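Working notes for the structure below.
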Amino acid sequence: MKATHSIRPARPEDAARIAVLGAHVWVHTYASAGVTDVIAQYVLTTFTREKILALLNDPGIVLLVAEAEANLAGYIVMRFDSYYADVPIEIKTLYIQDSFADRGIGSALLTHARGIAMATTGDRAIWLTVNSENAKAISFYRSCGMTQDGITYFELGGIKHENKVMVARH
Ligand SMILES: CC(C)(COP(=O)(O)OP(=O)(O)OC[C@H]1O[C@@H](n2cnc3c(N)ncnc32)[C@H](O)[C@@H]1OP(=O)(O)O)[C@@H](O)C(=O)NCCC(=O)NCCS
């Protein structure tokens, strides 16, 4: 099912909503075994209004929001000059609230971001990392034409979590 949604650059007044949606999606995606103290500390310190405002003030970042009937449904964060091999643009975050999943909003945000990449650098290429256990996101990125190009690790509470590096060059 396709949802009616619109995409635009985030504004400072969106920061609180983005932080709340980010925290919700992170917990829903990664804390399926319950919320530990390490997870609580990570979420409370990562998804804050201040950190979102800092991203909006960073000239190397583009943050786009997707809205459905004026409510936040998801967001994407692009970082420029964040190289993996010869690819300079990293997708740092792509989060869709679960009640809006599978309606084409994630692919629309990714397509929009790649359009910005093309307009800015003359190349649509992007890269990102995704948790190796996040089968849904890996399938989604494959369906968007991305392929695995390596392995990296995300450390939380002294535990290393394997991530796949995925790249789309065309
Ligand atoms: C992964 C995520 C970004 C996908 O966004 P979405 O809006 O649900 O995806 P879309 O509806 O745009 O799906 C786009 C395509 O992927 C396909 N797809 C989606 N989920 C899939 C799955 N589980 N398996 C295979 N294909 C899938 C869809 O069929 C669709 O293909 P189509 O356009 O040919 O019909 C979103 O579900 C999400 O935010 N998940 C939680 C957070 C997360 O894991 N983010 C990524 C971490 S790096």
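Here's how to read the names in the structure tokens: chain A, B, ... by the order shown, residue numbers from 1 in each chain, ligand numbers from 1 in the order shown.
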Show me, as a compact mmCIF listing (two decimals) with C-alpha atoms, in the first residue's frame, the residues that have an atom within 10 Å of stretch 39-54 of chain A when counting only C-alpha atoms, minus same-chain residues fewer than 5 positions from it.
# COMPACT_ATOMS: atom_id res chain seq x y z
CA ALA A 10 13.86 19.25 8.29
CA ARG A 11 13.47 22.52 10.17
CA PRO A 12 14.50 23.35 13.76
CA GLU A 13 10.90 23.07 14.95
CA ASP A 14 10.91 19.40 13.82
CA ALA A 15 13.75 18.47 16.19
CA ALA A 16 11.65 17.19 19.11
CA ARG A 17 9.50 15.01 16.83
CA ILE A 18 12.54 13.59 15.06
CA ALA A 19 14.18 12.72 18.40
CA VAL A 20 11.06 10.93 19.64
CA LEU A 21 10.54 9.01 16.39
CA GLY A 22 14.24 8.08 16.33
CA ALA A 23 14.12 6.72 19.89
CA HIS A 24 10.93 4.80 19.16
CA TRP A 26 15.59 2.33 17.55
CA VAL A 27 13.92 0.54 20.49
CA TYR A 30 16.99 -3.29 18.27
CA ALA A 31 15.57 -3.86 21.77
CA GLY A 34 13.83 -5.75 26.33
CA PRO A 59 26.81 22.00 6.90
CA ILE A 61 24.49 16.98 6.93
CA LEU A 63 18.21 15.73 7.08
CA LEU A 156 27.46 -0.78 22.64
CA GLY A 157 28.11 -1.57 26.30
Could you give me, as a CSV table (one decimal) with C-alpha atoms, in the first residue's frame, every polymer residue with an atom at most 9 Å away from an atom of ligand 1, counting only C-alpha atoms and all ligand atoms?
chain,number,residue,atom,x,y,z
A,1,MET,CA,0.0,0.0,0.0
A,2,LYS,CA,1.3,3.4,-0.9
A,22,GLY,CA,14.2,8.1,16.3
A,25,VAL,CA,12.2,3.2,16.0
A,26,TRP,CA,15.6,2.3,17.5
A,28,HIS,CA,11.4,-1.2,18.2
A,29,THR,CA,14.2,-2.4,15.9
A,30,TYR,CA,17.0,-3.3,18.3
A,74,GLY,CA,10.1,9.0,9.1
A,75,TYR,CA,13.4,10.7,8.4
A,76,ILE,CA,16.7,10.2,6.7
A,91,ILE,CA,23.2,7.5,4.8
A,92,LYS,CA,23.6,7.7,8.6
A,93,THR,CA,20.0,7.0,9.5
A,94,LEU,CA,16.8,5.9,7.7
A,95,TYR,CA,14.0,5.4,10.1
A,96,ILE,CA,10.3,4.9,9.3
A,97,GLN,CA,7.8,4.6,12.2
A,98,ASP,CA,6.5,1.0,12.1
A,100,PHE,CA,4.0,3.6,8.2
A,101,ALA,CA,6.3,0.7,7.1
A,102,ASP,CA,5.9,-1.0,3.8
A,103,ARG,CA,4.1,1.9,2.2
A,104,GLY,CA,6.9,3.1,0.0
A,105,ILE,CA,8.0,5.9,2.3
A,106,GLY,CA,11.5,4.5,3.0
A,107,SER,CA,12.3,4.0,-0.6
A,108,ALA,CA,10.9,7.5,-1.4
A,109,LEU,CA,13.2,9.1,1.2
A,110,LEU,CA,16.2,7.1,-0.2
A,128,LEU,CA,25.6,2.9,4.7
A,129,THR,CA,26.0,0.3,7.5
A,130,VAL,CA,23.2,-2.0,8.7
A,131,ASN,CA,23.1,-4.4,11.6
A,134,ASN,CA,18.3,-6.6,10.7
A,135,ALA,CA,17.0,-8.9,7.9
A,136,LYS,CA,14.1,-6.6,7.0
A,137,ALA,CA,16.4,-3.6,6.4
A,138,ILE,CA,18.9,-5.7,4.5
A,139,SER,CA,16.1,-7.0,2.2
A,140,PHE,CA,14.9,-3.4,1.8
A,141,TYR,CA,18.3,-2.1,0.8
A,142,ARG,CA,18.8,-5.0,-1.6
A,143,SER,CA,15.4,-4.2,-3.2
A,144,CYS,CA,16.7,-0.6,-3.6
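Here the question is which of A:Ile151, A:Val38, A:Met78, A:Ala33 gets nearest to A:Leu64 using only C-alpha atoms, and that residue is A:Met78.
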- prompt: Interatomic distance between atom CA of A:Thr111 and atom CA of A:Ile126?
  reply: 10.8 Å
- prompt: Any idea what the distance is between atom CA of A:Val87 and atom CA of A:Ala117?
  reply: 10.7 Å
